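Participant: Handing you a structure now.
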Amino acid sequence: MARDNFTKSTINNLAKRVGYFCSNPDCKKHTVGPNEIEEKSTLIGIAAHISAASPGGPRFNEQINTEQRVHISNGIWLCSNCATLIDKDENKFPPDLLMEWKDNAESTMRNAILGNLATNKPQTQTPFIEADLIYTSGMRLNLGYSQKN
């Protein structure tokens with residue numbers, strides 16, 4: 001049986017739907033960037049199959065047909081490291097987990113383009129810079145920054 005590869009259109013759409021970020025929530029690596037050659041870019045992302053593209057592959061599901069196997073719903077965008085990782089340890093990365101990653105990555109990007117991106121970072125206070133000035137002999141001498149900084 002031949003390998004059921006994604007079309008170029010499906011690959012491009014998988015990448016764009018997550019903003020070219022790896023869908024692994026523990027990674028989130030950018031998968032595209034500049035190349036030293038100005039006319040080129042460097043792509044380290046992979047459109048990975050959730051259910052393998054051919055028999056014997058990781059997470060192969062004989063219940064789905066070729067059309068379903070090459071459909072965008074069977075793909076996830078990952079960096080090359082994470083794509084290799086999920087295939088080397090398929091028991092740790094079952095299809096349900098990969099679908100969850102995909103859904104979360106797409107939801108995050110959807111919220112980002114809608115302006116609803118909530119960050120997990122705690123709100124930090126604006127830096128407070130105040131110079132300690134000592135008044136002596138009618139002059140103000142700057143002795144450095146205050147202890148509040």
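Just so we're on the same page: first chain in the structure tokens is A, next is B, and so on; residues restart at 1 for each chain, and ligands are numbered from 1 in the order they show up.
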Which neighbours of range 28-36 of chain A fall inside 9 Å, counting only C-alpha atoms, when residues of the same chain fewer than 4 positions from it are skipped, and could you give them as a PDB file with N, CA, C and O atoms, in the first residue's frame?

Facilitator:
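The new file part.pdb reads:
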ATOM      1  N   ALA A  15      -0.192  24.599   8.749  1.00  0.00           N
ATOM      2  CA  ALA A  15       0.786  25.549   9.288  1.00  0.00           C
ATOM      3  C   ALA A  15       0.141  26.897   9.601  1.00  0.00           C
ATOM      4  O   ALA A  15       0.345  27.460  10.680  1.00  0.00           O
ATOM      5  N   GLY A  19      -0.491  29.505  13.017  1.00  0.00           N
ATOM      6  CA  GLY A  19       0.468  30.598  12.923  1.00  0.00           C
ATOM      7  C   GLY A  19       1.907  30.146  12.815  1.00  0.00           C
ATOM      8  O   GLY A  19       2.810  30.850  13.253  1.00  0.00           O
ATOM      9  N   TYR A  20       2.126  28.964  12.256  1.00  0.00           N
ATOM     10  CA  TYR A  20       3.465  28.393  12.104  1.00  0.00           C
ATOM     11  C   TYR A  20       4.147  28.133  13.452  1.00  0.00           C
ATOM     12  O   TYR A  20       5.364  28.091  13.530  1.00  0.00           O
ATOM     13  N   PHE A  21       3.359  27.925  14.510  1.00  0.00           N
ATOM     14  CA  PHE A  21       3.897  27.529  15.806  1.00  0.00           C
ATOM     15  C   PHE A  21       3.702  26.031  15.970  1.00  0.00           C
ATOM     16  O   PHE A  21       2.695  25.469  15.519  1.00  0.00           O
ATOM     17  N   CYS A  22       4.606  25.374  16.651  1.00  0.00           N
ATOM     18  CA  CYS A  22       4.452  23.960  16.968  1.00  0.00           C
ATOM     19  C   CYS A  22       3.213  23.800  17.841  1.00  0.00           C
ATOM     20  O   CYS A  22       2.997  24.569  18.777  1.00  0.00           O
ATOM     21  N   SER A  23       2.393  22.795  17.559  1.00  0.00           N
ATOM     22  CA  SER A  23       1.146  22.587  18.304  1.00  0.00           C
ATOM     23  C   SER A  23       1.343  21.892  19.638  1.00  0.00           C
ATOM     24  O   SER A  23       0.405  21.807  20.422  1.00  0.00           O
ATOM     25  N   ASN A  24       2.540  21.387  19.909  1.00  0.00           N
ATOM     26  CA  ASN A  24       2.820  20.775  21.209  1.00  0.00           C
ATOM     27  C   ASN A  24       2.801  21.878  22.259  1.00  0.00           C
ATOM     28  O   ASN A  24       3.607  22.814  22.198  1.00  0.00           O
ATOM     29  N   LYS A  40      15.044  33.629   0.703  1.00  0.00           N
ATOM     30  CA  LYS A  40      14.579  32.346   1.238  1.00  0.00           C
ATOM     31  C   LYS A  40      14.140  32.477   2.685  1.00  0.00           C
ATOM     32  O   LYS A  40      14.497  33.431   3.375  1.00  0.00           O
ATOM     33  N   SER A  41      13.362  31.508   3.129  1.00  0.00           N
ATOM     34  CA  SER A  41      13.017  31.389   4.542  1.00  0.00           C
ATOM     35  C   SER A  41      13.388  29.976   4.979  1.00  0.00           C
ATOM     36  O   SER A  41      13.565  29.076   4.163  1.00  0.00           O
ATOM     37  N   THR A  42      13.513  29.784   6.280  1.00  0.00           N
ATOM     38  CA  THR A  42      13.839  28.473   6.841  1.00  0.00           C
ATOM     39  C   THR A  42      12.599  27.925   7.515  1.00  0.00           C
ATOM     40  O   THR A  42      12.023  28.572   8.390  1.00  0.00           O
ATOM     41  N   LEU A  43      12.196  26.740   7.104  1.00  0.00           N
ATOM     42  CA  LEU A  43      11.006  26.091   7.646  1.00  0.00           C
ATOM     43  C   LEU A  43      11.432  24.807   8.361  1.00  0.00           C
ATOM     44  O   LEU A  43      12.040  23.938   7.757  1.00  0.00           O
ATOM     45  N   ILE A  44      11.102  24.723   9.660  1.00  0.00           N
ATOM     46  CA  ILE A  44      11.415  23.509  10.414  1.00  0.00           C
ATOM     47  C   ILE A  44      10.145  22.822  10.899  1.00  0.00           C
ATOM     48  O   ILE A  44      10.186  21.962  11.770  1.00  0.00           O
ATOM     49  N   GLY A  45       9.002  23.197  10.335  1.00  0.00           N
ATOM     50  CA  GLY A  45       7.730  22.602  10.695  1.00  0.00           C
ATOM     51  C   GLY A  45       7.372  21.441   9.804  1.00  0.00           C
ATOM     52  O   GLY A  45       7.825  21.355   8.658  1.00  0.00           O
ATOM     53  N   ILE A  46       6.546  20.544  10.346  1.00  0.00           N
ATOM     54  CA  ILE A  46       6.118  19.354   9.617  1.00  0.00           C
ATOM     55  C   ILE A  46       4.626  19.157   9.817  1.00  0.00           C
ATOM     56  O   ILE A  46       4.117  19.269  10.936  1.00  0.00           O
ATOM     57  N   LEU A  78       3.645  20.481  13.641  1.00  0.00           N
ATOM     58  CA  LEU A  78       4.639  20.342  14.708  1.00  0.00           C
ATOM     59  C   LEU A  78       6.007  20.776  14.203  1.00  0.00           C
ATOM     60  O   LEU A  78       6.271  20.740  13.001  1.00  0.00           O
ATOM     61  N   CYS A  79       6.890  21.133  15.127  1.00  0.00           N
ATOM     62  CA  CYS A  79       8.282  21.346  14.751  1.00  0.00           C
ATOM     63  C   CYS A  79       8.881  19.977  14.447  1.00  0.00           C
ATOM     64  O   CYS A  79       8.310  18.936  14.820  1.00  0.00           O
ATOM     65  N   SER A  80      10.004  19.958  13.776  1.00  0.00           N
ATOM     66  CA  SER A  80      10.594  18.675  13.375  1.00  0.00           C
ATOM     67  C   SER A  80      10.955  17.804  14.574  1.00  0.00           C
ATOM     68  O   SER A  80      10.821  16.581  14.511  1.00  0.00           O
ATOM     69  N   ALA A 105      -4.149  24.497  19.994  1.00  0.00           N
ATOM     70  CA  ALA A 105      -3.284  25.396  19.225  1.00  0.00           C
ATOM     71  C   ALA A 105      -4.118  26.265  18.283  1.00  0.00           C
ATOM     72  O   ALA A 105      -3.877  27.470  18.157  1.00  0.00           O
TER      73      ALA A 105
END

Participant: Measuring atom to atom with only C-alpha atoms, identify which of A:Ala2, A:Ile37, A:Leu85, A:Val18 is nearest to Ile113 in chain A.

Facilitator: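 The closest residue to Ile113 in chain A is A:Val18.
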
Participant: Between CA of His49 in chain A and CA of Asn111 in chain A, measure the distance and give it in Å to one decimal.

Facilitator: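 Interatomic distance, CA of His49 in chain A to CA of Asn111 in chain A: 24.8 Å.
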
Participant: Would you mind listing what lies within 12 Å of Ile86 in chain A as a compact mmCIF listing (two decimals) with all heavy atoms, in the first residue's frame, with only C-alpha atoms counted and same-chain residues fewer than 4 positions away left out?

Facilitator:
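To be explicit, this is the file written out as out.txt:
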# COMPACT_ATOMS: atom_id res chain seq x y z
N SER A 23 2.39 22.79 17.56
CA SER A 23 1.15 22.59 18.30
C SER A 23 1.34 21.89 19.64
O SER A 23 0.40 21.81 20.42
CB SER A 23 0.17 21.77 17.45
OG SER A 23 -0.20 22.50 16.30
N ASN A 24 2.54 21.39 19.91
CA ASN A 24 2.82 20.78 21.21
C ASN A 24 2.80 21.88 22.26
O ASN A 24 3.61 22.81 22.20
CB ASN A 24 4.18 20.08 21.18
CG ASN A 24 4.57 19.45 22.50
OD1 ASN A 24 3.99 19.72 23.54
ND2 ASN A 24 5.59 18.61 22.47
N ILE A 46 6.55 20.54 10.35
CA ILE A 46 6.12 19.35 9.62
C ILE A 46 4.63 19.16 9.82
O ILE A 46 4.12 19.27 10.94
CB ILE A 46 6.88 18.10 10.12
CG1 ILE A 46 8.36 18.22 9.79
CG2 ILE A 46 6.29 16.83 9.55
CD1 ILE A 46 9.21 17.11 10.33
N ALA A 48 2.33 16.62 10.37
CA ALA A 48 2.40 15.23 10.81
C ALA A 48 1.03 14.57 10.78
O ALA A 48 0.01 15.23 11.05
CB ALA A 48 2.97 15.16 12.23
N HIS A 49 1.01 13.30 10.45
CA HIS A 49 -0.24 12.54 10.47
C HIS A 49 -0.57 12.13 11.90
O HIS A 49 0.29 11.65 12.63
CB HIS A 49 -0.11 11.27 9.62
CG HIS A 49 -0.16 11.52 8.16
ND1 HIS A 49 0.93 11.97 7.44
CD2 HIS A 49 -1.18 11.38 7.27
CE1 HIS A 49 0.58 12.09 6.17
NE2 HIS A 49 -0.69 11.74 6.04
N ILE A 50 -1.82 12.31 12.28
CA ILE A 50 -2.27 11.83 13.58
C ILE A 50 -2.42 10.31 13.50
O ILE A 50 -1.92 9.59 14.35
CB ILE A 50 -3.58 12.54 14.00
CG1 ILE A 50 -3.27 14.02 14.25
CG2 ILE A 50 -4.19 11.86 15.23
CD1 ILE A 50 -4.48 14.89 14.47
N SER A 51 -3.10 9.84 12.48
CA SER A 51 -3.12 8.41 12.16
C SER A 51 -2.18 8.24 10.98
O SER A 51 -2.28 8.94 9.99
CB SER A 51 -4.54 7.97 11.79
OG SER A 51 -4.53 6.63 11.38
N ALA A 52 -1.25 7.29 11.10
CA ALA A 52 -0.16 7.14 10.14
C ALA A 52 -0.62 7.13 8.69
O ALA A 52 -1.74 6.73 8.37
CB ALA A 52 0.62 5.86 10.44
N GLY A 57 2.91 2.32 10.32
CA GLY A 57 3.34 3.60 10.86
C GLY A 57 2.71 3.86 12.22
O GLY A 57 1.76 3.18 12.62
N PRO A 58 3.22 4.85 12.94
CA PRO A 58 2.70 5.17 14.27
C PRO A 58 1.22 5.55 14.24
O PRO A 58 0.80 6.34 13.40
CB PRO A 58 3.54 6.34 14.73
CG PRO A 58 4.69 6.42 13.79
CD PRO A 58 4.30 5.73 12.54
N ARG A 59 0.45 4.96 15.11
CA ARG A 59 -0.97 5.25 15.29
C ARG A 59 -1.79 4.94 14.03
O ARG A 59 -2.82 5.54 13.79
CB ARG A 59 -1.18 6.71 15.73
CG ARG A 59 -0.54 7.07 17.05
CD ARG A 59 -0.53 8.56 17.32
NE ARG A 59 0.05 9.34 16.23
CZ ARG A 59 1.37 9.50 16.03
NH1 ARG A 59 2.22 8.96 16.86
NH2 ARG A 59 1.81 10.20 15.01
N ILE A 76 -1.57 17.45 12.04
CA ILE A 76 -1.21 18.38 13.10
C ILE A 76 0.12 19.03 12.72
O ILE A 76 0.99 18.37 12.15
CB ILE A 76 -1.11 17.68 14.48
CG1 ILE A 76 -0.79 18.67 15.60
CG2 ILE A 76 -0.12 16.52 14.44
CD1 ILE A 76 -0.90 18.09 17.01
N TRP A 77 0.28 20.32 12.98
CA TRP A 77 1.51 21.03 12.65
C TRP A 77 2.44 20.98 13.86
O TRP A 77 2.07 21.38 14.96
CB TRP A 77 1.21 22.48 12.28
CG TRP A 77 2.43 23.19 11.79
CD1 TRP A 77 3.18 24.10 12.46
CD2 TRP A 77 3.05 23.03 10.51
NE1 TRP A 77 4.22 24.52 11.68
CE2 TRP A 77 4.17 23.87 10.48
CE3 TRP A 77 2.77 22.24 9.40
CZ2 TRP A 77 5.01 23.96 9.37
CZ3 TRP A 77 3.60 22.33 8.29
CH2 TRP A 77 4.70 23.18 8.29
N LEU A 78 3.64 20.48 13.64
CA LEU A 78 4.64 20.34 14.71
C LEU A 78 6.01 20.78 14.20
O LEU A 78 6.27 20.74 13.00
CB LEU A 78 4.73 18.88 15.16
CG LEU A 78 3.48 18.27 15.78
CD1 LEU A 78 3.62 16.76 15.89
CD2 LEU A 78 3.19 18.88 17.14
N CYS A 79 6.89 21.13 15.13
CA CYS A 79 8.28 21.35 14.75
C CYS A 79 8.88 19.98 14.45
O CYS A 79 8.31 18.94 14.82
CB CYS A 79 9.06 22.06 15.86
SG CYS A 79 9.38 21.07 17.34
N SER A 80 10.00 19.96 13.78
CA SER A 80 10.59 18.68 13.37
C SER A 80 10.96 17.80 14.57
O SER A 80 10.82 16.58 14.51
CB SER A 80 11.80 18.90 12.47
OG SER A 80 12.75 19.74 13.10
N ASN A 81 11.37 18.40 15.68
CA ASN A 81 11.70 17.61 16.87
C ASN A 81 10.47 16.94 17.45
O ASN A 81 10.49 15.74 17.77
CB ASN A 81 12.34 18.48 17.95
CG ASN A 81 13.75 18.89 17.62
OD1 ASN A 81 14.42 18.28 16.80
ND2 ASN A 81 14.21 19.96 18.24
N CYS A 82 9.38 17.68 17.60
CA CYS A 82 8.16 17.11 18.17
C CYS A 82 7.52 16.08 17.23
O CYS A 82 6.96 15.09 17.69
CB CYS A 82 7.17 18.22 18.52
SG CYS A 82 7.71 19.23 19.93
N GLU A 90 4.84 6.39 20.33
CA GLU A 90 3.42 6.52 19.98
C GLU A 90 2.47 6.18 21.12
O GLU A 90 1.36 6.68 21.16
CB GLU A 90 3.10 5.68 18.75
CG GLU A 90 3.28 4.19 18.93
CD GLU A 90 3.02 3.42 17.65
OE1 GLU A 90 1.84 3.30 17.27
OE2 GLU A 90 3.98 2.98 17.03
N ASN A 91 2.90 5.37 22.10
CA ASN A 91 2.02 5.07 23.23
C ASN A 91 1.85 6.27 24.14
O ASN A 91 0.80 6.46 24.74
CB ASN A 91 2.55 3.88 24.02
CG ASN A 91 2.44 2.57 23.25
OD1 ASN A 91 1.57 2.42 22.40
ND2 ASN A 91 3.33 1.65 23.53
N LYS A 92 2.89 7.08 24.24
CA LYS A 92 2.81 8.29 25.07
C LYS A 92 2.01 9.39 24.38
O LYS A 92 1.49 10.28 25.03
CB LYS A 92 4.22 8.79 25.40
CG LYS A 92 4.24 9.95 26.35
CD LYS A 92 5.63 10.31 26.78
CE LYS A 92 5.58 11.48 27.75
NZ LYS A 92 6.88 11.82 28.27
N PHE A 93 1.92 9.31 23.05
CA PHE A 93 1.24 10.35 22.27
C PHE A 93 0.14 9.73 21.42
O PHE A 93 0.26 9.63 20.20
CB PHE A 93 2.26 11.09 21.40
CG PHE A 93 3.38 11.71 22.19
CD1 PHE A 93 4.63 11.10 22.24
CD2 PHE A 93 3.19 12.87 22.91
CE1 PHE A 93 5.67 11.65 22.97
CE2 PHE A 93 4.22 13.43 23.65
CZ PHE A 93 5.46 12.81 23.69
N PRO A 94 -0.97 9.33 22.06
CA PRO A 94 -2.07 8.70 21.31
C PRO A 94 -2.84 9.75 20.48
O PRO A 94 -2.71 10.96 20.72
CB PRO A 94 -2.96 8.13 22.42
CG PRO A 94 -2.69 8.99 23.61
CD PRO A 94 -1.24 9.40 23.49
N PRO A 95 -3.64 9.29 19.53
CA PRO A 95 -4.39 10.21 18.67
C PRO A 95 -5.23 11.22 19.44
O PRO A 95 -5.30 12.40 19.03
CB PRO A 95 -5.28 9.28 17.84
CG PRO A 95 -4.54 7.99 17.80
CD PRO A 95 -3.84 7.90 19.13
N LEU A 97 -4.69 12.63 22.31
CA LEU A 97 -3.83 13.69 22.83
C LEU A 97 -3.41 14.64 21.71
O LEU A 97 -3.45 15.86 21.87
CB LEU A 97 -2.59 13.09 23.50
CG LEU A 97 -1.56 14.11 24.02
CD1 LEU A 97 -2.17 14.98 25.12
CD2 LEU A 97 -0.32 13.38 24.52
N LEU A 98 -3.06 14.09 20.57
CA LEU A 98 -2.66 14.93 19.44
C LEU A 98 -3.82 15.79 18.95
O LEU A 98 -3.62 16.96 18.58
CB LEU A 98 -2.09 14.07 18.31
CG LEU A 98 -0.86 13.24 18.68
CD1 LEU A 98 -0.38 12.43 17.49
CD2 LEU A 98 0.25 14.10 19.24
N TRP A 101 -4.06 18.65 21.35
CA TRP A 101 -3.03 19.65 21.04
C TRP A 101 -3.44 20.51 19.86
O TRP A 101 -3.31 21.73 19.90
CB TRP A 101 -1.72 18.97 20.69
CG TRP A 101 -0.94 18.36 21.81
CD1 TRP A 101 -1.28 18.29 23.13
CD2 TRP A 101 0.33 17.73 21.68
NE1 TRP A 101 -0.31 17.64 23.82
CE2 TRP A 101 0.70 17.29 22.97
CE3 TRP A 101 1.18 17.48 20.63
CZ2 TRP A 101 1.90 16.62 23.21
CZ3 TRP A 101 2.38 16.83 20.86
CH2 TRP A 101 2.73 16.41 22.14
